[in-house]
Amino acid sequence: MLPLLVLACLTGAPGHCEVREQGAWPDQASCQRAGREHVPAPGWTREAWTCGDGAFWVAEVAPGVYVHRGQVAEPGPGNGADTANIGYVVGEEAVAVIDAGGSDAVARALLDDIRARTDLPVWYLVLTHMHPDHVMGAGVFLEAGATAIAHPAFAAGLAARYDHYHQAYARDVGPGWSAAEGPPPVSETPEAIDLGDRVLELRRHGVGHTTNDLSVFDRDTATWFLGDLAFLTHLPSIDGSVTGWQQALRAAADRPAARVVPGHGPVSAPWPDAAAPTLSYLSDLATGLRAEIAKGTALIDVVTGESDADLPGWLLSQTYHPRNITAAWRELEWE
Ligand SMILES: [Zn+2]
């Protein structure tokens, strides 16, 4: 049966809409079970609901597949670095967590949600890439006994940046934020992990969003955790390759999946439609920059001219678009 899709839009920001499966926001019964009121999600039209009082809410997007929606925002005091989508899959014998969130507190909230649903051990923590909003809570799951798994290029990439990430989050998120002092030790990437009658395939991607993108495909439900290879609502941020990312997404679009879990935006989205906004942004960016490079325009003039860009359909474009121009330019000027 095809999932029923609904469209929810941000109030006061026409054009910022998300398509999602019905049930991707909490229903009245799930809020009541948590002892919370069922209220419209702040800032969204009435199709988007949440449980009141800031409850940490987790959606079951497919049988045994759970996702917490991170806020579409820069990590800061208002959100405690709870700004990435993170989730978990429950098998017959064990649980695998996919991404750890941006702090110990976010990770503990997800672990509490796991413990409220199952007593099974958490065998694995799969980290989809090295960015701090996905990684800084890792210590909580390692302490709980999980083995961390990541792309072969993850460890070196994160080691070079971990101290910077730690200091920047401590400063920007502020008092109450905590995370492990050092990066999580990670194991070699297997092709698949078995949670007991439930196999998750791990797919390594070429340089795209970062140098170490890894996705997780649940065979039982054909749900694909894409990490930050797919952005929705939140403008994509390039930390790998503007051309490689497009190649990775085009290759991925040929693979059948019932739904994907993007790294930012709704908890799930239809596939391959969910690739389209990211692909279109990256493709337009590369085309525009190639034209400027061909004309001999200086990078500083392009960045300055685009610094106030409010790109339709995206949030945070004024933060990330200028950075993306700089990142993509470095790559494209050598073509
Ligand atoms: Zn990322």
# chains A, B, ... in the order shown; residues from 1 in each chain; ligands from 1
$ residues_near_ligand --ligand "ligand 1" --cutoff "9 Å" --atoms "only C-alpha atoms and all ligand atoms" --output "PDB file with C-alpha atoms, in the first residue's frame"
ATOM      1  CA  ALA A  84      20.025  16.328  13.309  1.00  0.00           C
ATOM      2  CA  THR A 128      26.668   8.288   8.972  1.00  0.00           C
ATOM      3  CA  HIS A 129      29.474  10.877   8.801  1.00  0.00           C
ATOM      4  CA  MET A 130      31.770  12.969  10.974  1.00  0.00           C
ATOM      5  CA  HIS A 131      29.691  16.107  11.583  1.00  0.00           C
ATOM      6  CA  PRO A 132      29.235  17.063  15.236  1.00  0.00           C
ATOM      7  CA  ASP A 133      25.427  17.287  15.201  1.00  0.00           C
ATOM      8  CA  HIS A 134      25.418  13.553  14.339  1.00  0.00           C
ATOM      9  CA  HIS A 209      28.444  15.621   1.562  1.00  0.00           C
ATOM     10  CA  THR A 210      31.721  14.731   3.320  1.00  0.00           C
ATOM     11  CA  ASP A 213      29.306   9.279   4.011  1.00  0.00           C
ATOM     12  CA  GLY A 227      22.437  10.729   6.685  1.00  0.00           C
ATOM     13  CA  ASP A 228      23.254  14.097   5.156  1.00  0.00           C
ATOM     14  CA  LEU A 229      23.333  12.827   1.575  1.00  0.00           C
ATOM     15  CA  PRO A 236      22.551  21.379   2.142  1.00  0.00           C
ATOM     16  CA  SER A 237      26.077  22.111   3.363  1.00  0.00           C
ATOM     17  CA  ILE A 238      29.030  21.023   1.227  1.00  0.00           C
ATOM     18  CA  ASP A 239      32.003  19.559   3.082  1.00  0.00           C
ATOM     19  CA  GLY A 263      19.769  13.892   7.942  1.00  0.00           C
ATOM     20  CA  HIS A 264      17.757  17.105   8.311  1.00  0.00           C
TER      21      HIS A 264
END
$ residues_around --residues "segment 322-332 of chain A" --least-positions-apart "5" --cutoff "10 Å" --atoms "only C-alpha atoms" --output "NGL selection string"
:A and (235-243 or 282 or 285-290 or 292-293 or 299-300 or 302-309 or 317)
$ select_by_dssp --residues "segment 20-151 of chain A" --states "alpha helix (DSSP H)" --output "ChimeraX atom specification"
/A:28-33,104-117,132-135,138-143
$ residues_around --residues "Leu195 of chain A" --least-positions-apart "3" --cutoff "7 Å" --atoms "only C-alpha atoms" --output "list in words"
Gly91, Glu92, Glu93, Ala94, Val95, Arg198 and Val199 of chain A
$ atom_distance --atom1 "atom CA of Ala41 of chain A" --atom2 "atom CA of Ser178 of chain A"
27.0 Å
$ atom_distance --atom1 "atom CA of Ile193 of chain A" --atom2 "atom CA of Leu142 of chain A"
16.9 Å
$ closest_atom_pairs --of "segment 269-290 of chain A" --to "segment 247-253 of chain A" --cutoff "10 Å" --atoms "only C-alpha atoms" --output "tab-separated table"
residue	atom	partner	partner_atom	distance
A:Trp271	CA	A:Ala253	CA	7.4
A:Pro272	CA	A:Ala253	CA	5.3
A:Asp273	CA	A:Ala253	CA	8.6
A:Ala274	CA	A:Ala253	CA	9.3
A:Ala275	CA	A:Leu249	CA	6.6
A:Ala276	CA	A:Leu249	CA	9.0
A:Thr278	CA	A:Leu249	CA	8.7
A:Leu279	CA	A:Leu249	CA	7.2
$ closest_residue --among "A:Asp284, A:Ala155, A:Val89, A:Asp112" --to "Pro63 of chain A" --atoms "only C-alpha atoms"
A:Val89
$ residues_around --residues "Pro152 of chain A" --least-positions-apart "5" --cutoff "8 Å" --atoms "only C-alpha atoms" --output "list in words"
Glu188, Thr189 and Asn212 of chain A
$ write_last_selection --atoms "C-alpha atoms" --output "compact mmCIF listing (two decimals), in the first residue's frame"
# COMPACT_ATOMS: atom_id res chain seq x y z
CA GLU A 188 35.92 -1.36 10.25
CA THR A 189 32.83 -1.03 8.10
CA ASN A 212 33.00 9.71 4.84
$ residues_around --residues "Ala138 of chain A" --least-positions-apart "5" --cutoff "12 Å" --atoms "only C-alpha atoms" --output "PyMOL selection string"
chain A and resi 86+97-108+110-111+124-128+130-133+143-150+178-186
$ residues_around --residues "segment 30-39 of chain A" --least-positions-apart "4" --cutoff "12 Å" --atoms "only C-alpha atoms" --output "ChimeraX atom specification"
/A:23-26,43-60,113,116
$ atom_distance --atom1 "atom CA of Asp218 of chain A" --atom2 "atom CA of Arg255 of chain A"
13.0 Å
$ closest_residue --among "A:Trp314, A:Val216, A:Trp177, A:Asn79" --to "Phe231 of chain A" --atoms "only C-alpha atoms"
A:Trp314
$ select_by_dssp --residues "segment 172-301 of chain A" --states "strand (DSSP E)" --output "ChimeraX atom specification"
/A:192-194,199-204,214-218,223-231,259-264
$ closest_residue --among "A:Pro40, A:Trp123, A:Ala170, A:Thr211" --to "Pro75 of chain A" --atoms "only C-alpha atoms"
A:Ala170
$ closest_residue --among "A:Arg171, A:Arg219, A:Arg204, A:His68" --to "Ile114 of chain A" --atoms "only C-alpha atoms"
A:His68
$ closest_residue --among "A:Ala96, A:Asp172, A:Asp310, A:Gly80" --to "Asp194 of chain A" --atoms "only C-alpha atoms"
A:Ala96
$ decode --residues "segment 194-328 of chain A" --atoms "C-alpha atoms" --output "short mmCIF file (atom, residue, chain, number, x, y, z; two decimals), in the first residue's frame"
data_model
loop_
_atom_site.label_atom_id
_atom_site.label_comp_id
_atom_site.auth_asym_id
_atom_site.auth_seq_id
_atom_site.Cartn_x
_atom_site.Cartn_y
_atom_site.Cartn_z
CA ASP A 194 22.48 -8.54 11.78
CA LEU A 195 20.26 -7.58 14.70
CA GLY A 196 18.72 -11.06 14.84
CA ASP A 197 16.50 -11.86 11.88
CA ARG A 198 16.95 -8.27 10.75
CA VAL A 199 19.78 -7.23 8.46
CA LEU A 200 20.96 -3.68 7.94
CA GLU A 201 23.13 -3.08 4.87
CA LEU A 202 25.85 -0.46 5.23
CA ARG A 203 26.71 1.41 2.06
CA ARG A 204 29.88 3.49 1.69
CA HIS A 205 29.58 6.42 -0.66
CA GLY A 206 32.26 8.35 -2.53
CA VAL A 207 33.20 11.89 -1.52
CA GLY A 208 29.90 13.78 -1.42
CA HIS A 209 28.44 15.62 1.56
CA THR A 210 31.72 14.73 3.32
CA THR A 211 34.64 12.38 2.67
CA ASN A 212 33.00 9.71 4.84
CA ASP A 213 29.31 9.28 4.01
CA LEU A 214 27.80 5.95 5.05
CA SER A 215 24.13 5.00 4.67
CA VAL A 216 22.07 2.30 6.36
CA PHE A 217 19.43 0.26 4.55
CA ASP A 218 16.91 -1.82 6.50
CA ARG A 219 16.04 -4.80 4.28
CA ASP A 220 12.84 -5.63 6.17
CA THR A 221 11.10 -2.32 5.50
CA ALA A 222 13.25 -0.90 2.66
CA THR A 223 13.88 2.16 4.83
CA TRP A 224 17.12 3.92 3.97
CA PHE A 225 18.90 6.17 6.46
CA LEU A 226 20.82 8.46 4.12
CA GLY A 227 22.44 10.73 6.68
CA ASP A 228 23.25 14.10 5.16
CA LEU A 229 23.33 12.83 1.57
CA ALA A 230 19.72 14.04 1.55
CA PHE A 231 18.73 17.38 3.05
CA LEU A 232 15.14 18.62 3.15
CA THR A 233 14.10 22.07 4.41
CA HIS A 234 17.63 22.74 5.81
CA LEU A 235 19.91 24.03 3.02
CA PRO A 236 22.55 21.38 2.14
CA SER A 237 26.08 22.11 3.36
CA ILE A 238 29.03 21.02 1.23
CA ASP A 239 32.00 19.56 3.08
CA GLY A 240 33.08 17.08 0.39
CA SER A 241 32.45 17.62 -3.30
CA VAL A 242 29.70 19.46 -5.15
CA THR A 243 30.15 17.14 -8.13
CA GLY A 244 30.77 13.95 -6.16
CA TRP A 245 27.65 14.55 -4.08
CA GLN A 246 25.52 14.76 -7.22
CA GLN A 247 27.06 11.52 -8.53
CA ALA A 248 26.38 9.79 -5.20
CA LEU A 249 22.74 10.89 -5.20
CA ARG A 250 22.18 9.93 -8.84
CA ALA A 251 23.66 6.48 -8.19
CA ALA A 252 21.48 6.15 -5.09
CA ALA A 253 18.31 7.21 -6.90
CA ASP A 254 18.43 4.02 -8.99
CA ARG A 255 18.19 1.86 -5.89
CA PRO A 256 14.66 1.09 -4.78
CA ALA A 257 13.63 2.15 -1.28
CA ALA A 258 10.20 2.60 0.26
CA ARG A 259 11.31 5.71 2.11
CA VAL A 260 14.44 7.51 3.21
CA VAL A 261 15.35 9.20 6.46
CA PRO A 262 17.14 12.45 5.61
CA GLY A 263 19.77 13.89 7.94
CA HIS A 264 17.76 17.11 8.31
CA GLY A 265 14.07 17.86 7.75
CA PRO A 266 11.16 15.44 8.12
CA VAL A 267 11.62 12.06 9.78
CA SER A 268 10.99 10.28 6.49
CA ALA A 269 10.32 11.11 2.87
CA PRO A 270 9.48 9.25 -0.34
CA TRP A 271 12.32 8.02 -2.56
CA PRO A 272 13.74 9.01 -5.01
CA ASP A 273 11.73 12.26 -4.76
CA ALA A 274 13.62 13.18 -1.59
CA ALA A 275 16.86 13.49 -3.57
CA ALA A 276 15.44 16.13 -5.91
CA PRO A 277 15.79 19.30 -3.79
CA THR A 278 19.43 18.57 -2.83
CA LEU A 279 20.33 17.57 -6.41
CA SER A 280 18.69 20.64 -7.85
CA TYR A 281 20.46 22.98 -5.40
CA LEU A 282 23.89 21.42 -6.05
CA SER A 283 23.41 21.36 -9.80
CA ASP A 284 22.26 25.01 -9.96
CA LEU A 285 25.13 26.06 -7.71
CA ALA A 286 27.74 24.31 -9.88
CA THR A 287 26.26 25.69 -13.10
CA GLY A 288 26.16 29.25 -11.73
CA LEU A 289 29.70 29.12 -10.37
CA ARG A 290 31.14 27.63 -13.57
CA ALA A 291 29.67 30.57 -15.47
CA GLU A 292 31.25 33.06 -13.03
CA ILE A 293 34.62 31.28 -13.20
CA ALA A 294 34.47 31.36 -17.01
CA LYS A 295 33.81 35.13 -16.90
CA GLY A 296 36.77 35.67 -14.57
CA THR A 297 34.68 36.95 -11.65
CA ALA A 298 36.45 37.04 -8.29
CA LEU A 299 35.19 34.65 -5.61
CA ILE A 300 34.80 37.47 -3.07
CA ASP A 301 32.39 39.27 -5.43
CA VAL A 302 30.25 36.16 -5.87
CA VAL A 303 30.10 35.52 -2.10
CA THR A 304 29.30 39.15 -1.35
CA GLY A 305 26.58 39.24 -4.00
CA GLU A 306 24.92 36.11 -2.58
CA SER A 307 25.40 36.80 1.14
CA ASP A 308 21.76 37.79 1.69
CA ALA A 309 20.29 35.08 -0.51
CA ASP A 310 16.98 33.71 0.75
CA LEU A 311 16.64 30.64 -1.41
CA PRO A 312 13.04 29.51 -1.93
CA GLY A 313 12.20 26.21 -0.28
CA TRP A 314 15.19 26.28 2.06
CA LEU A 315 15.92 27.44 5.59
CA LEU A 316 19.34 28.64 6.79
CA SER A 317 20.40 29.68 3.29
CA GLN A 318 22.08 32.85 4.55
CA THR A 319 24.27 30.73 6.82
CA TYR A 320 25.17 27.94 4.42
CA HIS A 321 24.89 29.32 0.88
CA PRO A 322 27.97 31.59 1.11
CA ARG A 323 29.99 28.74 2.65
CA ASN A 324 28.86 26.40 -0.11
CA ILE A 325 29.94 28.88 -2.76
CA THR A 326 33.43 28.98 -1.25
CA ALA A 327 33.65 25.19 -0.91
CA ALA A 328 32.37 24.51 -4.44
#
